[in-house]
Structures are given as C-alpha cells and as structure tokens.
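S.K.: Okay, here's the structure, questions in a sec.
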2 protein chains.
Amino acid sequence: MRIGELSKRSGVAVPTIKYYLREGMLPPGERTSPNQARYDDTHLHRLRLVRALIDVGGLSVAAVRGILSTVDAPESDMEDLLKTVQKAVLPVPEPAAVDAQSSAEKEIHDLVIELGWDVSPKHFAVEALATVLVTARSLGHDRFLDFIRRYGPIMQQIGVADLDYVVGARTVDDLLEAVVVGTVLGDSVMITLRRLAQASETATRFPGGGDRQSLSD
Amino acid sequence: MRIGELSKRSGVAVPTIKYYLREGMLPPGERTSPNQARYDDTHLHRLRLVRALIDVGGLSVAAVRGILSTVDAPESDMEDLLKTVQKAVLPVPEPAAVDAQSSAEKEIHDLVIELGWDVSPKHFAVEALATVLVTARSLGHDRFLDFIRRYGPIMQQIGVADLDYVVGARTVDDLLEAVVVGTVLGDSVMITLRRLAQASETATRFPGGGDRQSLSD
DNA sequence: CGATAGTAGACAGCACCACTATCCATAATC
DNA sequence: GATTATGGATAGTGGTGCTGTCTACTATCG
C-alpha cells in the first residue's frame, strides 16, 4: 500500500507518518522508484504500536523511539529490553536530598528483603520508590511506609501474572512485543482497575443514599 | 517568611513561585505593605504538594490546579474530590471506533459484575479500560482480556488498602490530602513496585548465571 | 544614613515537544 | 492529458512550563 492508504487504515495523518519515518520510529517503505515507496502490514502494525504507546501509554516520542530501537536491535536480549521499557514508562523523578534519600533507599531495600524478592539494592525502581517515600514524608505522611508495605505482597501477584503473560508468547518477536505491550498497556490496566476498585470499595463501605451514591459512578 | 526563604526551603525558584501564585495554585501571602507579603508553613506545605504532584505524580500544571481548586472549595465533598483526582491522574485516551469500543465496554462491565464490584457501567474508568482493550486487540493481542481478568481480584486488594489508608486520616483536611496523595503517589508506588516484582519474578524463573543475572538489577 | 539586596507585579521571551503546512519535482491514476 | 498522490526538505505552529527583565518600592546592614 502507499502512504495514503497507510494513513487511512491507521488513522494517522500523512504528515505525521512522514514525521515518524524521519524520526526512525517507522522503517522506510520498499522503494519502487526514486520518489515512491510501498508499505505493508508490518508498517501498519508498527504504526499502531507507536500510537498505542503514545496515546494509551502516555509515552513521549523520544521514549517510544528508545524502546523501538531496542526492539529492532538484532542483539536485543531480554535484559536490555526490560530495562529500556521499564525506564521509558517510569519517569524517574529527581532523587531527594542525599541523606533522606539514602536512608529511604535502605528502608525500601529492607522491605524488598522482607518480601523475599530477588532484586538488587541498586535497582532504579528502588531509588524511584525511595523518592516517593521521601516526598510523602516531606508532606507529613509518616504512615506512608506502611502503605507501601501493604502493597508489596499484592504487587507480587501482579508480577507473577505479568510473567505468565509474557511467557505465553509463541515467537521471539511475540515475546518482545508482549514485554512492551504488557508493561506499557499493563500500567494503564492497573491504574484504571485501581480506580474501579476504589470506587467499588467506597460504595461498599459508605452505601449512603441520595447524592452520595454517585461515588461509584 | 518572605518569598526568598520560601524558595530556599522548598527548592523552587522564586520566578516559579510567582508563576504558581499567578496561576492560583498557591494562595497569596499576607500583605505587609503594597509590595511586600509574608508566607507561612501552609504555603510551604502547599508548594511541596504542588511539586509532588508534578514531579512524582507527573501531573500537568492544569491538572494540579483542578485538584487544588476542588480541595480548596469549601463545599468540596468526597464525591467531587475523588472524581477530580481520579480523572486528573488518569489521562483518558480517545475512545476507539464506536462499535469495537462499545462491545469492549460491555465486556469490561461484565468483568466488573463477575468481580462483584459495585460500579456504574458508565464509570469513566470502564471506558478507559475498554479503550486499552481495543488497542491491545488491534495489535493482535487477543489474550489481553484474560490478562485484565487476572488483574481484577488483585486490584481489588489494592482498593481495600487504599480505603484503609484514607480512613486513617484524623481531620477533614487530612482526609482530603490523603485522597490526593494516596491516589497520585499511590499510582507511582504501584508502578515502581510492579517493576521490582517483575524483576524479582524474572530472576526467580530464569536464574541464568553470567550476564543474565543482572535482569534483577 | 546610604549602600546593597530583596520584593511584588507586569510582561516578554524561551526551550522543548509533537506535530502541521508548504513547496517542488516526480509518479500514479483516471 | 488532467488530476491527484507521493517523497523529501524545510519552515512554521500551538501548547506547556517556566525564566528573564523591568520598575517602583521595601528591608537590612554597617
């Protein structure tokens, strides 16, 4: 197909497709003449993936480009891919002041040990989580570590579900995409389900009549 | 304190504080003369909250303003607050094509029923989740509904933990802030813990030696 | 008291991001 | 042969989140 059809089938404007081509997020089409190219279903699929990561996952164009270049690299192993995807979709905030930050990192790592998890104390998510803890405490929320602790065993179940999903892939390409889609769209699933669960739990605990009922709405 | 001290104590540049004042995210200080004002600890706290929502929660200035104006409204009830906060932090993507979207919404609501949750079929998160489902399917991920289904009971536990946290507040102001902080920072906690759980589960299932070990890093 | 530094408020400017528009020469299509 | 589409290049646009500059004043310190 030519670029016009690709645009129609994907819902992405032609100039935007050209922009993605320039940015290397979409491989060039097969040349049929000096100024003509042909695109196929792989381009359509890639374009949909790009839009999914941007629209649903909320990623920046730069983050998408980073992920895709790792996916496309022939030597891309799971290690690189996981790290790239995980970091792309988790904008790590600036760590807090050194002392509060490092002691919070220790507390987080203690929690990880307590949970029996097999992760390095220097995992970037440990740092990120410690920053969240420091931030919450700077707002006077001193119960926040207990809040995090309570989340631990629950998120462990999520991790198991995630690995089950990824392992269900048939080919290597499927696996790579399952990691990307599972991680990025998975975050959206988690957050939206959390909203629903909160609304439901609120309605259950406070079944107040009248206008309060719409809390579950 | 004057604006300079507020800046030093919060780590926010003076022109930025002025910008937040202009935008109504920070209440004006108490005037001591036509061009002097004094700020107190409530300003410092509010400023930290703003930065937390922006830096850690990743919210836009507009979203923060919306949340804070609801928090500040004297007649703000839990209903308004929950909705505003939940929507601010969940950028709802454009729904997909009408037919695929509405059938997906039905599937999601069926799942909600299956889980025994008390939420309206028109809850905005139902629509958002349906959009995620449609997107995943457009990428050929037809196992995705099962993936979502698996998340359901797990996220229910999160909802319970969230309500427990909010209910632990002592005053009305504490409660309002617990909702905001619990929702926004809670999302960050969830996502970062998910990264750690994924890494740990990966390390457990594939304890490959050598360079593979750093998957858990 | 005067020198220096800080402040409120108004307004303009800036860097970045994600496109979008325009143009041209060529190619495809009717 | 007329119309429409295309590839490629370059420039422009609109939104966001600050940042810089200016002026008239105020605070502080030796």
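Naming scheme: A, B, ... for chains in displayed order of the structure tokens; residues 1 onward per chain; ligands 1 onward as shown.
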Step one, run DSSP on the backbone; step two, keep only residues of chain A assigned to strand (DSSP E or B); then write them as a CSV table (one decimal) with C-alpha atoms, in the first residue's frame.

M.R.:
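Result written to result_35.csv:
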```
chain,number,residue,atom,x,y,z
A,30,GLU,CA,10.3,-0.5,0.0
A,31,ARG,CA,11.3,1.7,-2.9
A,32,THR,CA,9.6,1.3,-6.2
A,33,SER,CA,11.2,4.4,-7.8
A,36,GLN,CA,7.8,6.3,-4.4
A,37,ALA,CA,7.7,3.6,-1.7
A,38,ARG,CA,5.4,0.8,-0.8
```

S.K.: Just the number, please: Cα RMSD of chain B on chain A after least-squares superposition over all C-alpha atoms matched in order.

M.R.: 0.1 Å

S.K.: Sort by chain and increasing residue number a table of all residues of chain B within 6 Å of chain A, each with its closest pair of atoms and their distance in Å to one decimal, counting only C-alpha atoms, and write it as CSV.

M.R.:
```
residue,atom,partner,partner_atom,distance
B:Val56,CA,A:Pro93,CA,5.9
B:Glu79,CA,A:Leu215,CA,5.3
B:Pro93,CA,A:Val56,CA,5.8
B:Trp117,CA,A:Ser200,CA,5.4
B:Asp118,CA,A:Ser200,CA,4.7
B:Val119,CA,A:Ser216,CA,4.9
B:Ser120,CA,A:Asp217,CA,5.1
B:His123,CA,A:Asp217,CA,5.0
B:Ala125,CA,A:Thr192,CA,5.4
B:Met155,CA,A:Arg194,CA,5.7
B:Gln156,CA,A:Ala197,CA,5.2
B:Gly159,CA,A:Gln198,CA,4.5
B:Thr192,CA,A:Ala125,CA,5.4
B:Arg194,CA,A:Met155,CA,5.7
B:Ala197,CA,A:Gly159,CA,4.9
B:Gln198,CA,A:Gly159,CA,4.5
B:Ser200,CA,A:Asp118,CA,4.7
B:Leu215,CA,A:Glu79,CA,5.3
B:Ser216,CA,A:Val119,CA,4.9
B:Asp217,CA,A:His123,CA,4.9
```

S.K.: Please produce an output containing N, CA, C and O atoms for each residue in the selection, written as a tab-separated table (two decimals), in the first residue's frame.

M.R.:
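Saved the output as selection_13.tsv:
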```tsv
chain	number	residue	atom	x	y	z
B	56	VAL	N	6.52	13.85	41.04
B	56	VAL	CA	6.35	12.42	41.31
B	56	VAL	C	5.13	11.87	40.59
B	56	VAL	O	5.17	10.81	39.99
B	79	GLU	N	-17.13	13.13	46.93
B	79	GLU	CA	-17.52	12.74	45.58
B	79	GLU	C	-16.76	13.55	44.53
B	79	GLU	O	-16.07	13.01	43.66
B	93	PRO	N	-7.60	8.22	27.29
B	93	PRO	CA	-7.31	8.31	25.85
B	93	PRO	C	-8.60	8.43	25.05
B	93	PRO	O	-9.67	8.07	25.53
B	117	TRP	N	-18.12	-6.18	41.74
B	117	TRP	CA	-17.85	-4.79	42.09
B	117	TRP	C	-19.09	-3.94	41.90
B	117	TRP	O	-19.90	-4.18	41.01
B	118	ASP	N	-19.16	-2.91	42.74
B	118	ASP	CA	-20.32	-2.03	42.73
B	118	ASP	C	-19.97	-0.72	42.03
B	118	ASP	O	-19.75	0.31	42.66
B	119	VAL	N	-19.88	-0.79	40.71
B	119	VAL	CA	-19.60	0.44	39.94
B	119	VAL	C	-20.55	0.53	38.75
B	119	VAL	O	-21.00	-0.50	38.22
B	120	SER	N	-20.79	1.77	38.37
B	120	SER	CA	-21.69	2.02	37.24
B	120	SER	C	-21.04	1.58	35.93
B	120	SER	O	-19.82	1.69	35.76
B	123	HIS	N	-18.96	4.37	34.40
B	123	HIS	CA	-17.79	4.95	35.07
B	123	HIS	C	-16.71	5.22	34.02
B	123	HIS	O	-16.49	4.42	33.13
B	125	ALA	N	-13.63	5.04	34.08
B	125	ALA	CA	-12.55	4.06	34.00
B	125	ALA	C	-12.96	2.83	33.21
B	125	ALA	O	-12.11	2.14	32.64
B	155	MET	N	-6.30	-6.23	42.01
B	155	MET	CA	-6.52	-4.80	42.21
B	155	MET	C	-7.60	-4.53	43.25
B	155	MET	O	-7.63	-3.46	43.87
B	156	GLN	N	-8.45	-5.49	43.45
B	156	GLN	CA	-9.46	-5.34	44.50
B	156	GLN	C	-8.77	-5.19	45.86
B	156	GLN	O	-9.19	-4.38	46.70
B	159	GLY	N	-7.61	-1.72	46.22
B	159	GLY	CA	-8.71	-0.82	46.59
B	159	GLY	C	-8.98	-0.83	48.08
B	159	GLY	O	-9.20	0.21	48.70
B	192	THR	N	6.13	1.43	40.50
B	192	THR	CA	7.51	1.08	40.82
B	192	THR	C	7.58	-0.30	41.48
B	192	THR	O	8.47	-1.09	41.17
B	194	ARG	N	5.62	-2.69	40.89
B	194	ARG	CA	5.41	-3.64	39.80
B	194	ARG	C	6.73	-3.94	39.08
B	194	ARG	O	7.04	-5.09	38.78
B	197	ALA	N	8.68	-6.21	41.31
B	197	ALA	CA	8.09	-7.55	41.34
B	197	ALA	C	8.39	-8.29	40.05
B	197	ALA	O	8.69	-9.49	40.06
B	198	GLN	N	8.32	-7.57	38.94
B	198	GLN	CA	8.63	-8.19	37.65
B	198	GLN	C	10.09	-8.65	37.61
B	198	GLN	O	10.40	-9.77	37.18
B	200	SER	N	12.04	-9.34	40.11
B	200	SER	CA	12.25	-10.44	41.03
B	200	SER	C	11.69	-11.75	40.46
B	200	SER	O	12.34	-12.80	40.51
B	215	LEU	N	19.36	-9.12	35.13
B	215	LEU	CA	17.95	-8.84	34.88
B	215	LEU	C	17.29	-8.30	36.14
B	215	LEU	O	16.36	-7.50	36.09
B	216	SER	N	17.78	-8.79	37.27
B	216	SER	CA	17.18	-8.37	38.53
B	216	SER	C	17.78	-7.05	39.01
B	216	SER	O	17.52	-6.62	40.12
B	217	ASP	N	18.56	-6.43	38.19
B	217	ASP	CA	19.26	-5.22	38.59
B	217	ASP	C	18.49	-3.96	38.23
B	217	ASP	O	17.96	-3.85	37.15
```

S.K.: Which is closest to chain D among A:Thr42, A:Ser7, A:Thr16, A:Asn35, if we use only C-alpha atoms (C1' of nucleotides)?

M.R.: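 The shortest atom-to-atom distance to chain D comes from A:Asn35.
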
S.K.: Counting only C-alpha atoms (C1' of nucleotides), what is within 12 Å of DG20 (chain D), bar same-chain residues fewer than 6 positions away, as a ChimeraX atom specification?

M.R.: /B:14-16 /C:11-14

S.K.: Write the residues of the selection above to a file with N, CA, C and O atoms (P, O5', C5', C4', C3', O3' and C1' of nucleotides), as a CSV table (one decimal), in the first residue's frame.

M.R.:
```csv
chain,number,residue,atom,x,y,z
B,14,VAL,N,12.3,31.3,42.7
B,14,VAL,CA,11.4,32.4,43.0
B,14,VAL,C,10.5,32.7,41.8
B,14,VAL,O,9.2,32.9,42.0
B,15,PRO,N,11.0,32.8,40.6
B,15,PRO,CA,10.1,33.1,39.5
B,15,PRO,C,9.0,32.1,39.3
B,15,PRO,O,7.9,32.3,38.9
B,16,THR,N,9.4,30.8,39.6
B,16,THR,CA,8.4,29.7,39.5
B,16,THR,C,7.3,29.9,40.6
B,16,THR,O,6.1,29.7,40.3
C,11,DC,P,0.5,43.8,32.0
C,11,DC,O5',1.7,43.4,31.0
C,11,DC,C5',2.9,44.2,31.0
C,11,DC,C4',4.0,43.4,30.4
C,11,DC,C3',3.6,42.5,29.2
C,11,DC,O3',4.3,42.9,28.1
C,11,DC,C1',5.1,41.4,30.7
C,12,DA,P,3.9,42.2,26.6
C,12,DA,O5',5.4,41.9,26.1
C,12,DA,C5',6.5,42.6,26.7
C,12,DA,C4',7.8,41.7,26.6
C,12,DA,C3',7.8,40.8,25.3
C,12,DA,O3',9.1,40.9,24.8
C,12,DA,C1',8.0,39.5,27.3
C,13,DG,P,9.5,40.1,23.5
C,13,DG,O5',10.3,38.8,24.1
C,13,DG,C5',11.3,39.1,25.1
C,13,DG,C4',11.9,37.7,25.5
C,13,DG,C3',12.1,36.8,24.3
C,13,DG,O3',13.4,36.2,24.4
C,13,DG,C1',10.8,35.7,26.0
C,14,DC,P,14.0,35.3,23.2
C,14,DC,O5',14.3,33.9,23.9
C,14,DC,C5',14.4,33.8,25.3
C,14,DC,C4',14.3,32.4,25.8
C,14,DC,C3',14.5,31.4,24.6
C,14,DC,O3',15.3,30.3,25.1
C,14,DC,C1',12.5,31.0,25.6
```

S.K.: Could you please tell me, as a list in words, which residues of chain C have an atom within 12 Å of chain B when using only C-alpha atoms (C1' of nucleotides)?

M.R.: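 Output check: DA5, DG6, DT7, DA8, DG9 and DA10 of chain C.
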
S.K.: Please save N, CA, C and O atoms (P, O5', C5', C4', C3', O3' and C1' of nucleotides) of the selected residues as a compact mmCIF listing (two decimals), in the first residue's frame.

M.R.:
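The resulting file, again30.txt, is shown below:
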```txt
# COMPACT_ATOMS: atom_id res chain seq x y z
P DA C 5 24.86 43.43 46.89
O5' DA C 5 23.53 42.79 47.46
C5' DA C 5 23.37 42.59 48.87
C4' DA C 5 21.92 42.31 49.18
C3' DA C 5 21.24 41.37 48.17
O3' DA C 5 20.60 40.33 48.89
C1' DA C 5 19.94 43.31 48.48
P DG C 6 19.83 39.14 48.12
O5' DG C 6 18.30 39.51 48.38
C5' DG C 6 17.84 39.69 49.71
C4' DG C 6 16.41 40.21 49.67
C3' DG C 6 15.47 39.38 48.79
O3' DG C 6 14.32 39.05 49.57
C1' DG C 6 15.30 41.66 48.25
P DT C 7 13.16 38.16 48.99
O5' DT C 7 12.15 39.26 48.46
C5' DT C 7 11.46 40.11 49.39
C4' DT C 7 10.41 40.90 48.64
C3' DT C 7 9.56 40.05 47.71
O3' DT C 7 8.22 40.08 48.18
C1' DT C 7 10.31 42.07 46.66
P DA C 8 7.13 39.18 47.56
O5' DA C 8 6.34 40.23 46.67
C5' DA C 8 5.58 41.26 47.28
C4' DA C 8 4.87 42.07 46.23
C3' DA C 8 4.00 41.28 45.28
O3' DA C 8 2.76 41.95 45.13
C1' DA C 8 5.65 42.48 44.04
P DG C 9 1.53 41.26 44.46
O5' DG C 9 1.68 41.82 42.97
C5' DG C 9 1.77 43.21 42.76
C4' DG C 9 2.13 43.48 41.32
C3' DG C 9 1.45 42.55 40.31
O3' DG C 9 0.76 43.34 39.37
C1' DG C 9 3.77 42.75 39.85
P DA C 10 -0.31 42.74 38.39
O5' DA C 10 0.34 43.11 36.99
C5' DA C 10 0.89 44.41 36.80
C4' DA C 10 1.82 44.39 35.61
C3' DA C 10 1.32 43.54 34.44
O3' DA C 10 1.23 44.33 33.28
C1' DA C 10 3.57 43.03 34.94
```

S.K.: Enter the distance from C1' of DT28 (chain D) to C1' of DT4 (chain C), in Å, rounded to one decimal.

M.R.: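 It comes out at 8.6 Å.
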
S.K.: Restricting the calculation to only C-alpha atoms (C1' of nucleotides): of D:DT26, D:DT16, D:DT21, D:DT6, which residue gets closest to chain A?

M.R.: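 Using only C-alpha atoms (C1' of nucleotides), chain A sits closest to D:DT6.
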
S.K.: Counting only C-alpha atoms (C1' of nucleotides), what is within 7 Å of Met1 (chain A), bar same-chain residues fewer than 3 positions away, as a PyMOL selection string?

M.R.: chain A and resi 5-6+38-40

S.K.: Only N, CA and C atoms, please: the residues just picked out, written as a CSV table (one decimal), in the first residue's frame.

M.R.:
```
chain,number,residue,atom,x,y,z
A,5,GLU,N,-3.0,5.1,1.9
A,5,GLU,CA,-3.8,4.0,2.5
A,5,GLU,C,-3.3,3.7,3.9
A,6,LEU,N,-2.0,3.7,4.1
A,6,LEU,CA,-1.5,3.5,5.5
A,6,LEU,C,-2.1,4.5,6.4
A,38,ARG,N,6.6,1.6,-1.1
A,38,ARG,CA,5.4,0.8,-0.8
A,38,ARG,C,5.5,0.3,0.7
A,39,TYR,N,4.4,0.3,1.3
A,39,TYR,CA,4.3,-0.1,2.7
A,39,TYR,C,3.4,-1.4,2.9
A,40,ASP,N,3.7,-2.2,3.9
A,40,ASP,CA,2.9,-3.4,4.1
A,40,ASP,C,2.3,-3.5,5.5
```

S.K.: Dump as an NGL selection string the residues of chain D that approach chain A to within 9 Å, counting only C-alpha atoms (C1' of nucleotides).

M.R.: :D and (5-8)

S.K.: Report the distance between C1' of DT10 (chain D) and CA of Gly24 (chain A) in Å, rounded to one decimal place.

M.R.: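 Pair C1' of DT10 (chain D) / CA of Gly24 (chain A) returns 18.1 Å.
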